[in-house]
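Worksheet: the structure to be examined is printed underneath.
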Amino acid sequence: MDDFDSRAYRDTMGQYCTGVVIVTGNESGSLVGFAAQSFVSLSLEPPLIAICPAKTSTSWPRIRATGHFCINVLAHDQEAVSEDFAQSGRAADVSWTTNATPAPILEGVIAYVECELDAEHDAGDHTVAVGRVLAFETLRPHARPLIYFRGEYRL
């Protein structure tokens with residue numbers, strides 16, 4: 001479409017609120033990650049999730065190479081964590097631990113989902129990455145999520 005208005009499309013899509021997650025990987029003991037809004041539970045049998053990293057991401061190729069990643073669901077009080085990870089090539093200065101995989105679980109998150117990379121599919125300027133769920137846990141069941149709506153964080 002020659003007359004496609006990308007800004008208007010983006011504004012229209014911004015009318016749908018999303019949660020914010022940080023996708024993390026462990027590259028030789030170092031935290032690697034990026035902020036994402038495109039995260040969804042894909043299947044219960046088998047348990048699968050999907051994320052959609054941009055093809056321009058500098059973090060996703062590094063995470064992909066490890067074979068494992070963790071979805072960290074951010075709480076309302078973690079906006080600064082999201083902002084740090086939203087900057088290309090930057091990871092937040094946040095404590096983390098591991099569980100079933102080497103992928104980092106960030107301190108203070110509402111929940112996490114540890115995955116093994118199962119498949120990737122081309123999707124325009126993004127990639128649809130499918131993760132097979134290996135472990136998960138809700139850590140802060142009463143915390144409010146960090147919400148992104150109309151280009152802003154909402155509490």
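Ligands are numbered from 1 in the order shown, chains are lettered A, B, ... in the order of the structure tokens, and residues start at 1 in each chain.
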
As a short mmCIF file (atom, residue, chain, number, x, y, z; two decimals) with C-alpha atoms, in the first residue's frame, please: the residues near Pro145 of chain A (cut-off 8 Å, only C-alpha atoms, same-chain neighbours under 6 positions excluded).
data_model
loop_
_atom_site.label_atom_id
_atom_site.label_comp_id
_atom_site.auth_asym_id
_atom_site.auth_seq_id
_atom_site.Cartn_x
_atom_site.Cartn_y
_atom_site.Cartn_z
CA GLY A 19 1.05 -5.88 29.79
CA VAL A 20 4.80 -5.47 29.70
CA VAL A 73 5.89 -10.29 33.83
CA LEU A 74 6.47 -6.79 35.20
CA ALA A 75 4.60 -5.27 38.13
CA HIS A 76 3.30 -1.70 38.33
CA ILE A 110 4.78 -10.77 39.22
CA LEU A 155 -0.85 1.82 36.68
#

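Excluding Ser95 of chain A itself and same-chain residues fewer than 5 positions from it, the residues having an atom within 9 Å of it are Ile105, Leu106, Glu107 and Gly108 of chain A, counting only C-alpha atoms.
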
Notebook entry, point to check: What lies within 9 Å of Cys115 of chain A using only C-alpha atoms, ignoring chain neighbours under 5 positions off, as a ChimeraX atom specification?
Noted result: /A:48-49,67-71,101,103,130-136

With C-alpha atoms retained, could you export that selection as a short mmCIF file (atom, residue, chain, number, x, y, z; two decimals), in the first residue's frame?
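Heads up, here's the output in selection-v5.cif:
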data_model
loop_
_atom_site.label_atom_id
_atom_site.label_comp_id
_atom_site.auth_asym_id
_atom_site.auth_seq_id
_atom_site.Cartn_x
_atom_site.Cartn_y
_atom_site.Cartn_z
CA LEU A 48 3.59 -23.04 24.43
CA ILE A 49 3.94 -19.26 24.48
CA GLY A 67 18.20 -21.95 23.32
CA HIS A 68 16.35 -20.82 26.46
CA PHE A 69 14.60 -17.65 27.55
CA CYS A 70 12.43 -16.41 30.38
CA ILE A 71 9.33 -14.23 30.22
CA THR A 101 17.00 -23.11 32.89
CA ALA A 103 17.55 -17.87 31.73
CA VAL A 130 7.46 -19.99 20.01
CA GLY A 131 8.67 -21.19 23.39
CA ARG A 132 7.97 -24.56 24.98
CA VAL A 133 7.19 -23.91 28.64
CA LEU A 134 9.53 -25.74 31.04
CA ALA A 135 8.74 -23.96 34.33
CA PHE A 136 6.62 -21.11 35.64
#

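Counting only C-alpha atoms, the residue from A:Ser82, A:Asn99, A:Gln87, A:Thr58 that sits nearest to Leu146 of chain A is A:Ser82.
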
Can you tell me which residues surround Gly33 of chain A at a distance of at most 7 Å, considering only C-alpha atoms, apart from same-chain residues fewer than 6 positions away, and format the answer as a PDB file with C-alpha atoms, in the first residue's frame?
ATOM      1  CA  ILE A  22      11.026  -8.593  29.815  1.00  0.00           C
ATOM      2  CA  VAL A  23      12.401 -11.463  27.751  1.00  0.00           C
ATOM      3  CA  THR A  24      15.705 -12.552  29.262  1.00  0.00           C
ATOM      4  CA  GLY A  25      18.561 -14.838  28.382  1.00  0.00           C
ATOM      5  CA  SER A  59      19.263  -8.869  22.110  1.00  0.00           C
ATOM      6  CA  PHE A  85      15.418  -2.882  28.789  1.00  0.00           C
ATOM      7  CA  ALA A  91      19.998  -4.459  30.407  1.00  0.00           C
TER       8      ALA A  91
END

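Considering only C-alpha atoms, the residue among A:Val113, A:Arg150, A:Pro104, A:Phe39 positioned nearest to Ala8 of chain A is A:Arg150.
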
Note to self: Which residues are near Asp125 of chain A? Cut-off 9 Å, only C-alpha atoms, ignore same chain within fewer than 3 positions. Put them as JSON, numbers by chain.
What the structure shows: {"A": [53, 54, 55, 56, 122]}

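Here atom CA of Leu44 of chain A stands at a distance of 20.9 Å from atom CA of Pro141 of chain A.
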
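The gap separating atom CA of Cys52 of chain A from atom CA of Ala129 of chain A is 6.0 Å, in Å to one decimal.
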
Checklist line | Å distance separating atom CA of Met13 of chain A from atom CA of Ile51 of chain A, one decimal place | finding: 17.0 Å

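Comparing the minimum interatomic distances between Ala80 of chain A and each of A:Arg140, A:Val94, A:Asp2, A:Tyr9, counting only C-alpha atoms, we find that A:Val94 sits nearest.
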
From a DSSP calculation on the backbone, collect every residue of segment 3-155 of chain A in strand (DSSP E) and output the set as an mmCIF file with C-alpha atoms, in the first residue's frame.
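Output file part_33.cif is given in full below:
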data_model
loop_
_atom_site.group_PDB
_atom_site.id
_atom_site.type_symbol
_atom_site.label_atom_id
_atom_site.label_comp_id
_atom_site.auth_asym_id
_atom_site.auth_seq_id
_atom_site.Cartn_x
_atom_site.Cartn_y
_atom_site.Cartn_z
ATOM 1 C CA THR A 18 -1.041 -4.710 26.923
ATOM 2 C CA GLY A 19 1.052 -5.883 29.793
ATOM 3 C CA VAL A 21 7.276 -8.339 29.927
ATOM 4 C CA ILE A 22 11.026 -8.593 29.815
ATOM 5 C CA VAL A 23 12.401 -11.463 27.751
ATOM 6 C CA THR A 24 15.705 -12.552 29.262
ATOM 7 C CA GLY A 25 18.561 -14.838 28.382
ATOM 8 C CA ASN A 26 21.844 -15.811 29.981
ATOM 9 C CA GLU A 27 24.840 -15.247 27.737
ATOM 10 C CA SER A 30 25.552 -12.119 31.679
ATOM 11 C CA LEU A 31 21.967 -10.883 31.647
ATOM 12 C CA VAL A 32 20.619 -10.125 28.166
ATOM 13 C CA GLY A 33 17.061 -8.979 27.571
ATOM 14 C CA PHE A 34 14.488 -6.740 25.961
ATOM 15 C CA ALA A 35 11.103 -5.264 26.809
ATOM 16 C CA ALA A 36 8.113 -6.643 24.925
ATOM 17 C CA PHE A 39 3.546 -11.982 24.511
ATOM 18 C CA VAL A 40 0.750 -14.542 24.505
ATOM 19 C CA SER A 41 -0.104 -17.958 25.839
ATOM 20 C CA LEU A 42 -0.310 -20.006 22.654
ATOM 21 C CA SER A 43 -1.199 -23.568 23.675
ATOM 22 C CA LEU A 44 -1.971 -25.570 26.789
ATOM 23 C CA PRO A 47 2.317 -25.671 26.864
ATOM 24 C CA LEU A 48 3.585 -23.037 24.428
ATOM 25 C CA ILE A 49 3.939 -19.257 24.476
ATOM 26 C CA ALA A 50 4.785 -16.785 21.704
ATOM 27 C CA ILE A 51 6.759 -13.562 21.645
ATOM 28 C CA HIS A 68 16.353 -20.819 26.458
ATOM 29 C CA PHE A 69 14.599 -17.649 27.554
ATOM 30 C CA CYS A 70 12.435 -16.407 30.375
ATOM 31 C CA ILE A 71 9.335 -14.232 30.215
ATOM 32 C CA ASN A 72 9.318 -11.890 33.224
ATOM 33 C CA VAL A 73 5.892 -10.290 33.833
ATOM 34 C CA TRP A 96 18.225 -12.025 39.110
ATOM 35 C CA THR A 97 18.321 -15.721 39.741
ATOM 36 C CA ILE A 105 14.317 -14.513 36.500
ATOM 37 C CA LEU A 106 14.279 -10.840 37.471
ATOM 38 C CA ALA A 111 5.443 -14.079 37.489
ATOM 39 C CA TYR A 112 7.864 -15.814 35.188
ATOM 40 C CA VAL A 113 7.679 -18.436 32.451
ATOM 41 C CA GLU A 114 10.852 -20.309 31.502
ATOM 42 C CA CYS A 115 11.012 -21.629 27.955
ATOM 43 C CA GLU A 116 13.040 -23.579 25.465
ATOM 44 C CA LEU A 117 12.959 -22.131 21.955
ATOM 45 C CA ASP A 118 10.665 -24.394 19.916
ATOM 46 C CA ALA A 119 10.204 -22.590 16.577
ATOM 47 C CA GLU A 120 10.527 -19.263 14.788
ATOM 48 C CA HIS A 121 8.356 -17.859 12.015
ATOM 49 C CA ASP A 122 8.865 -14.864 9.752
ATOM 50 C CA ALA A 123 6.310 -12.088 10.362
ATOM 51 C CA HIS A 126 9.208 -9.107 13.433
ATOM 52 C CA THR A 127 9.783 -12.777 14.176
ATOM 53 C CA VAL A 128 7.224 -14.952 15.941
ATOM 54 C CA ALA A 129 9.217 -17.032 18.411
ATOM 55 C CA VAL A 130 7.465 -19.992 20.007
ATOM 56 C CA GLY A 131 8.672 -21.189 23.386
ATOM 57 C CA ARG A 132 7.972 -24.561 24.977
ATOM 58 C CA VAL A 133 7.192 -23.912 28.643
ATOM 59 C CA LEU A 134 9.526 -25.739 31.038
ATOM 60 C CA ALA A 135 8.742 -23.965 34.330
ATOM 61 C CA PHE A 136 6.617 -21.110 35.643
ATOM 62 C CA GLU A 137 5.584 -19.483 38.894
ATOM 63 C CA THR A 138 3.538 -16.596 40.234
ATOM 64 C CA ILE A 147 0.191 -1.728 31.614
ATOM 65 C CA TYR A 148 1.047 0.032 28.347
ATOM 66 C CA PHE A 149 -1.775 1.977 26.645
ATOM 67 C CA GLU A 152 2.233 5.412 27.953
ATOM 68 C CA TYR A 153 2.624 3.265 31.036
ATOM 69 C CA ARG A 154 -0.538 2.975 33.098
#

Check: DSSP says alpha helix (DSSP H) for which residues of chain A? Put them as a PyMOL selection string?
Finding: chain A and resi 6-13+60-66+79-86

Next item on the list: Choose the residue, out of A:Asp77, A:Arg7, A:Gly29, A:Thr66, that has the smallest atom-to-atom separation from Ala143 of chain A; count only C-alpha atoms.
Entry: A:Asp77
